[in-house]
Amino acid sequence: MLHLPSLLTCEDFDALHHGYAAVQERQEGSSAQLNALLWLFLLRILKAQHAAAPTCSVSIKERAVIDKLFAYLDAHLSESVRVEDLCAELRVSQSYLYRCSRDVMNCSTNQIIVRYKMRHAQTLLKNPDLTISEVAAAVGYDPYYFSSQFKKHFLLSPSVYRKSLR
């Protein structure tokens with residue numbers, strides 16, 4: 001049995017609340033944002049359910065590699081992270097890292113990197129004192145590339161996302 005509080009943080013519930021309120025107020029892009037959030041949460045729940053299945057074929061070693069990957073991303077959040085750098089740091093081949101990523105997170109290593117950085121950017125955008133360029137730099141992106149990746153990931157530009165939080 002899955003326990004939702006361990007899957008959805010207070011920030012997640014706040015994002016859902018703001019997204020729903022924005023939809024009620026008919027704010028531009030709010031439906032797309034809420035839809036994207038709901039899909040992200042659904043995927044997180046499905047992944048957790050899959051991970052909790054007793055017949056899961058993911059090894060402890062693969063999980064440990066992914067845990068180290070996230071630790072590396074935490075320590076190098078403001079840098080441009082390449083798969084080659086990760087492999088060197090984790091002392092694994094690219095194919096093994098990809099297999100671990102696929103088996104544990106059900107996506108590629110590059111997708112893990114982008115999703116991780118976008119999730120942190122989403123949190124940073126809640127701080128009105130930070131410019132979008134500063135948020136981009138904080139997650140290791142050029143501002144223009146960051147904006148395109150953020151919009152691709154959340155279906156809203158960073159500035160529209162920030163406005164929807166008000």
# chains A, B, ... in the order shown; residues from 1 in each chain; ligands from 1

$ residues_around --residues "range 9-23 of chain A" --least-positions-apart "4" --cutoff "9 Å" --atoms "only C-alpha atoms" --output "number ranges by chain"
A: 4-5, 27-31, 33-35, 37-38, 41, 123, 164-166

$ select_by_dssp --residues "range 60-141 of chain A" --states "helix (DSSP H, G or I)" --output "number ranges by chain"
A: 60-75, 83-90, 94-105, 109-124, 132-138

$ residues_around --residues "range 74-83 of chain A" --least-positions-apart "3" --cutoff "12 Å" --atoms "only C-alpha atoms" --output "VMD selection string"
chain A and resid 67 to 71 86 to 98 101 108 to 121 134 to 142 145 to 146

$ write_last_selection --atoms "C-alpha atoms" --output "PDB file, in the first residue's frame"
ATOM      1  CA  ASP A  67      21.381   7.378  -4.998  1.00  0.00           C
ATOM      2  CA  LYS A  68      24.974   8.431  -5.781  1.00  0.00           C
ATOM      3  CA  LEU A  69      23.762  10.076  -8.992  1.00  0.00           C
ATOM      4  CA  PHE A  70      21.317  12.223  -6.999  1.00  0.00           C
ATOM      5  CA  ALA A  71      24.021  13.070  -4.450  1.00  0.00           C
ATOM      6  CA  LEU A  86      28.616  11.259 -13.956  1.00  0.00           C
ATOM      7  CA  CYS A  87      30.099   8.022 -15.246  1.00  0.00           C
ATOM      8  CA  ALA A  88      33.599   9.101 -14.296  1.00  0.00           C
ATOM      9  CA  GLU A  89      32.466  10.188 -10.827  1.00  0.00           C
ATOM     10  CA  LEU A  90      30.416   7.052 -10.210  1.00  0.00           C
ATOM     11  CA  ARG A  91      33.040   4.790 -11.822  1.00  0.00           C
ATOM     12  CA  VAL A  92      30.520   3.062 -14.099  1.00  0.00           C
ATOM     13  CA  SER A  93      30.102   2.781 -17.857  1.00  0.00           C
ATOM     14  CA  GLN A  94      27.517   4.838 -19.721  1.00  0.00           C
ATOM     15  CA  SER A  95      25.571   1.733 -20.639  1.00  0.00           C
ATOM     16  CA  TYR A  96      25.454   0.555 -17.016  1.00  0.00           C
ATOM     17  CA  LEU A  97      24.382   4.005 -15.790  1.00  0.00           C
ATOM     18  CA  TYR A  98      21.670   4.083 -18.439  1.00  0.00           C
ATOM     19  CA  SER A 101      18.463   4.860 -14.692  1.00  0.00           C
ATOM     20  CA  SER A 108      17.227   7.870 -19.319  1.00  0.00           C
ATOM     21  CA  THR A 109      20.088   9.410 -17.370  1.00  0.00           C
ATOM     22  CA  ASN A 110      19.685  12.682 -19.293  1.00  0.00           C
ATOM     23  CA  GLN A 111      16.000  12.769 -18.405  1.00  0.00           C
ATOM     24  CA  ILE A 112      16.872  12.320 -14.731  1.00  0.00           C
ATOM     25  CA  ILE A 113      19.291  15.263 -14.921  1.00  0.00           C
ATOM     26  CA  VAL A 114      16.801  17.571 -16.641  1.00  0.00           C
ATOM     27  CA  ARG A 115      13.875  16.603 -14.389  1.00  0.00           C
ATOM     28  CA  TYR A 116      15.995  17.067 -11.279  1.00  0.00           C
ATOM     29  CA  LYS A 117      17.158  20.512 -12.359  1.00  0.00           C
ATOM     30  CA  MET A 118      13.682  21.590 -13.462  1.00  0.00           C
ATOM     31  CA  ARG A 119      12.149  20.532 -10.155  1.00  0.00           C
ATOM     32  CA  HIS A 120      14.729  22.629  -8.299  1.00  0.00           C
ATOM     33  CA  ALA A 121      14.140  25.525 -10.673  1.00  0.00           C
ATOM     34  CA  GLU A 134      19.609  33.798 -11.523  1.00  0.00           C
ATOM     35  CA  VAL A 135      17.379  30.727 -11.290  1.00  0.00           C
ATOM     36  CA  ALA A 136      18.798  29.500 -14.608  1.00  0.00           C
ATOM     37  CA  ALA A 137      22.352  29.960 -13.337  1.00  0.00           C
ATOM     38  CA  ALA A 138      21.486  28.244 -10.047  1.00  0.00           C
ATOM     39  CA  VAL A 139      20.526  25.083 -11.941  1.00  0.00           C
ATOM     40  CA  GLY A 140      23.426  25.296 -14.407  1.00  0.00           C
ATOM     41  CA  TYR A 141      21.666  26.592 -17.516  1.00  0.00           C
ATOM     42  CA  ASP A 142      21.969  29.500 -19.900  1.00  0.00           C
ATOM     43  CA  TYR A 145      18.049  27.322 -22.857  1.00  0.00           C
ATOM     44  CA  PHE A 146      16.608  27.217 -19.355  1.00  0.00           C
TER      45      PHE A 146
END

$ closest_residue --among "A:Ile66, A:Leu125, A:Met105, A:Leu156" --to "Leu46 in chain A" --atoms "only C-alpha atoms"
A:Met105

$ atom_distance --atom1 "CA of Tyr144 in chain A" --atom2 "CA of Tyr161 in chain A"
15.6 Å

$ atom_distance --atom1 "CA of Leu40 in chain A" --atom2 "CA of Arg102 in chain A"
17.1 Å
